[in-house]
Amino acid sequence: MRSDLRKRAVSSPGLLVALLSALAMTSACETPTAPGENPAYDPTRLTDGRLYRWTLGAAVAIHVDTTGQGATSQGSAPRMDLRASVERGLAGWTATWRYGELRPRLVDSAAEADVVVQYTDAPPLVAWDVCTSSIATSTGRTVLCAAGDTARTLPLTQAGVPGRVKIAIVIDHAMLSRQPALDAIVAHELGHAFGIGGHSPDAADLMYAAPTSLAPSRRDAATLRYVLHRPASLKL
């Protein structure tokens, strides 16, 4: 590990990563590159060339906060089904993996979760200030904080409750008008949560900065598989 410590924030319409120190590279023999896999676009463009991912085969626990879902307020539309969007997004990504690279599952509480998903107007499940970064308003964003070569645990806002959340996804309901639009944003943010720290330049891809696709393209799938089989400089 490098001895110099530095603080860096990287933000985009789809991804916010607060890098709080230089990241150490893991051994190249730890997780070999999958044969024949090359990324269709740069999966580290938004993270200054640094690659992050979960351990191969990890059972990634995801909690979807449905606080206020279906409620209405004067002049606003009912909140769309966030959990259903997450379920569809997970189905899309898991269908692209060839070796069971990850095993995502939904859990009932944030205390059990590695990833939390919620609307921006719901009470936050984790404390954002540990990232020491401003968060730009956008339809969706993914938040990940790093110190050294390991992602920080984002502390739960519920006092006295321990947690293990490494990534938070927040969706701005007010920017969306239809369930398919929510499906596209959620699936896109899940791509960031699984390890794609970049955006595709191709509008046909789910990981395009303003996604309209509802599921990963072949290019998205190849890019994430490449990430999941490469040595990571940041372990989740």
# chains A, B, ... in the order shown; residues from 1 in each chain; ligands from 1
>>> residues_around(residues="segment 191-198 of chain A", least_positions_apart="3", cutoff="7 Å", atoms="only C-alpha atoms", output="PyMOL selection string")
chain A and resi 15+42-47+52-53+142+167+187-188+224+227
>>> write_last_selection(atoms="all heavy atoms", output="CSV table (one decimal), in the first residue's frame")
chain,number,residue,atom,x,y,z
A,15,LEU,N,-23.2,7.7,-10.3
A,15,LEU,CA,-22.3,7.1,-9.4
A,15,LEU,C,-21.5,8.2,-8.6
A,15,LEU,O,-21.0,9.1,-9.2
A,15,LEU,CB,-21.3,6.3,-10.2
A,15,LEU,CG,-20.2,5.6,-9.4
A,15,LEU,CD1,-20.7,4.5,-8.4
A,15,LEU,CD2,-19.1,4.9,-10.3
A,42,ASP,N,-14.9,1.4,-20.7
A,42,ASP,CA,-14.1,1.5,-19.6
A,42,ASP,C,-14.9,1.5,-18.3
A,42,ASP,O,-15.7,2.4,-18.0
A,42,ASP,CB,-13.3,2.9,-19.6
A,42,ASP,CG,-12.3,3.0,-18.4
A,42,ASP,OD1,-12.2,2.1,-17.6
A,42,ASP,OD2,-11.6,4.0,-18.4
A,43,PRO,N,-14.7,0.4,-17.5
A,43,PRO,CA,-15.5,0.3,-16.3
A,43,PRO,C,-15.0,1.0,-15.1
A,43,PRO,O,-15.5,0.9,-14.0
A,43,PRO,CB,-15.5,-1.3,-16.0
A,43,PRO,CG,-14.2,-1.7,-16.5
A,43,PRO,CD,-13.9,-0.8,-17.7
A,44,THR,N,-13.9,1.8,-15.3
A,44,THR,CA,-13.3,2.5,-14.2
A,44,THR,C,-13.1,4.0,-14.5
A,44,THR,O,-12.4,4.7,-13.8
A,44,THR,CB,-11.9,2.0,-13.9
A,44,THR,OG1,-11.0,2.2,-15.0
A,44,THR,CG2,-12.0,0.5,-13.5
A,45,ARG,N,-13.8,4.5,-15.6
A,45,ARG,CA,-13.7,5.9,-16.0
A,45,ARG,C,-14.1,6.8,-14.9
A,45,ARG,O,-13.5,7.9,-14.8
A,45,ARG,CB,-14.5,6.1,-17.3
A,45,ARG,CG,-14.2,7.5,-17.9
A,45,ARG,CD,-14.9,7.6,-19.2
A,45,ARG,NE,-16.3,7.6,-19.0
A,45,ARG,CZ,-17.0,8.7,-18.7
A,45,ARG,NH1,-16.4,9.9,-18.5
A,45,ARG,NH2,-18.4,8.6,-18.6
A,46,LEU,N,-15.1,6.5,-14.1
A,46,LEU,CA,-15.6,7.4,-13.1
A,46,LEU,C,-14.9,7.2,-11.8
A,46,LEU,O,-15.2,7.9,-10.8
A,46,LEU,CB,-17.1,7.2,-12.9
A,46,LEU,CG,-18.0,7.4,-14.1
A,46,LEU,CD1,-19.4,7.1,-13.8
A,46,LEU,CD2,-17.8,8.9,-14.6
A,47,THR,N,-14.0,6.2,-11.7
A,47,THR,CA,-13.3,6.0,-10.4
A,47,THR,C,-11.8,6.1,-10.6
A,47,THR,O,-11.0,5.5,-9.9
A,47,THR,CB,-13.6,4.5,-9.9
A,47,THR,OG1,-13.3,3.6,-11.0
A,47,THR,CG2,-15.1,4.4,-9.5
A,52,TYR,N,-13.3,-1.8,-8.5
A,52,TYR,CA,-13.9,-2.3,-7.3
A,52,TYR,C,-14.9,-3.4,-7.6
A,52,TYR,O,-15.5,-3.4,-8.7
A,52,TYR,CB,-14.6,-1.2,-6.5
A,52,TYR,CG,-15.9,-0.6,-7.2
A,52,TYR,CD1,-17.1,-1.1,-6.9
A,52,TYR,CD2,-15.7,0.4,-8.1
A,52,TYR,CE1,-18.2,-0.6,-7.6
A,52,TYR,CE2,-16.8,0.9,-8.7
A,52,TYR,CZ,-18.1,0.4,-8.5
A,52,TYR,OH,-19.2,0.9,-9.1
A,53,ARG,N,-15.0,-4.4,-6.7
A,53,ARG,CA,-15.9,-5.5,-6.9
A,53,ARG,C,-16.1,-6.3,-5.7
A,53,ARG,O,-15.3,-6.2,-4.7
A,53,ARG,CB,-15.5,-6.4,-8.1
A,53,ARG,CG,-14.2,-7.1,-7.8
A,53,ARG,CD,-13.9,-8.1,-8.9
A,53,ARG,NE,-12.7,-8.9,-8.7
A,53,ARG,CZ,-12.5,-9.9,-7.9
A,53,ARG,NH1,-13.6,-10.3,-7.1
A,53,ARG,NH2,-11.4,-10.5,-7.8
A,142,THR,N,-25.3,6.1,-6.8
A,142,THR,CA,-24.8,5.0,-6.0
A,142,THR,C,-23.7,5.6,-5.2
A,142,THR,O,-22.8,6.3,-5.7
A,142,THR,CB,-24.3,3.9,-6.9
A,142,THR,OG1,-25.4,3.4,-7.7
A,142,THR,CG2,-23.6,2.8,-6.1
A,167,ILE,N,-22.7,-0.2,0.2
A,167,ILE,CA,-23.2,0.6,-1.0
A,167,ILE,C,-24.6,1.0,-0.7
A,167,ILE,O,-25.4,0.2,-0.3
A,167,ILE,CB,-23.0,-0.2,-2.3
A,167,ILE,CG1,-21.6,-0.4,-2.6
A,167,ILE,CG2,-23.8,0.5,-3.4
A,167,ILE,CD1,-21.3,-1.2,-3.9
A,187,ALA,N,-31.9,-0.7,-12.5
A,187,ALA,CA,-31.0,-1.7,-13.1
A,187,ALA,C,-29.7,-1.1,-13.4
A,187,ALA,O,-28.6,-1.7,-13.2
A,187,ALA,CB,-31.6,-2.3,-14.3
A,188,HIS,N,-29.7,0.2,-13.8
A,188,HIS,CA,-28.4,0.9,-14.1
A,188,HIS,C,-27.6,1.0,-12.8
A,188,HIS,O,-26.4,0.7,-12.7
A,188,HIS,CB,-28.8,2.3,-14.6
A,188,HIS,CG,-27.6,3.2,-14.8
A,188,HIS,ND1,-27.0,3.4,-16.1
A,188,HIS,CD2,-26.9,4.0,-14.0
A,188,HIS,CE1,-26.0,4.2,-15.9
A,188,HIS,NE2,-25.9,4.6,-14.7
A,224,LEU,N,-19.2,-6.1,-17.1
A,224,LEU,CA,-19.3,-6.5,-15.7
A,224,LEU,C,-18.6,-7.9,-15.5
A,224,LEU,O,-17.9,-8.0,-14.5
A,224,LEU,CB,-20.7,-6.6,-15.2
A,224,LEU,CG,-20.9,-7.0,-13.8
A,224,LEU,CD1,-20.1,-6.0,-12.9
A,224,LEU,CD2,-22.3,-7.0,-13.4
A,227,VAL,N,-15.0,-7.1,-15.1
A,227,VAL,CA,-14.7,-6.6,-13.8
A,227,VAL,C,-14.7,-7.7,-12.7
A,227,VAL,O,-13.7,-7.7,-11.9
A,227,VAL,CB,-15.8,-5.5,-13.4
A,227,VAL,CG1,-15.7,-5.2,-11.9
A,227,VAL,CG2,-15.6,-4.3,-14.2
>>> residues_around(residues="Thr94 of chain A", least_positions_apart="6", cutoff="10 Å", atoms="only C-alpha atoms", output="count of residues only")
7
>>> closest_residue(among="A:Ile185, A:Ala58, A:Arg98, A:Arg141", to="Glu37 of chain A", atoms="only C-alpha atoms")
A:Arg98
>>> closest_residue(among="A:Ala168, A:Ala209, A:Val117, A:Leu125", to="Val186 of chain A", atoms="only C-alpha atoms")
A:Val117
>>> closest_residue(among="A:Pro180, A:Pro211, A:Gly163, A:Pro201", to="Val126 of chain A", atoms="only C-alpha atoms")
A:Gly163
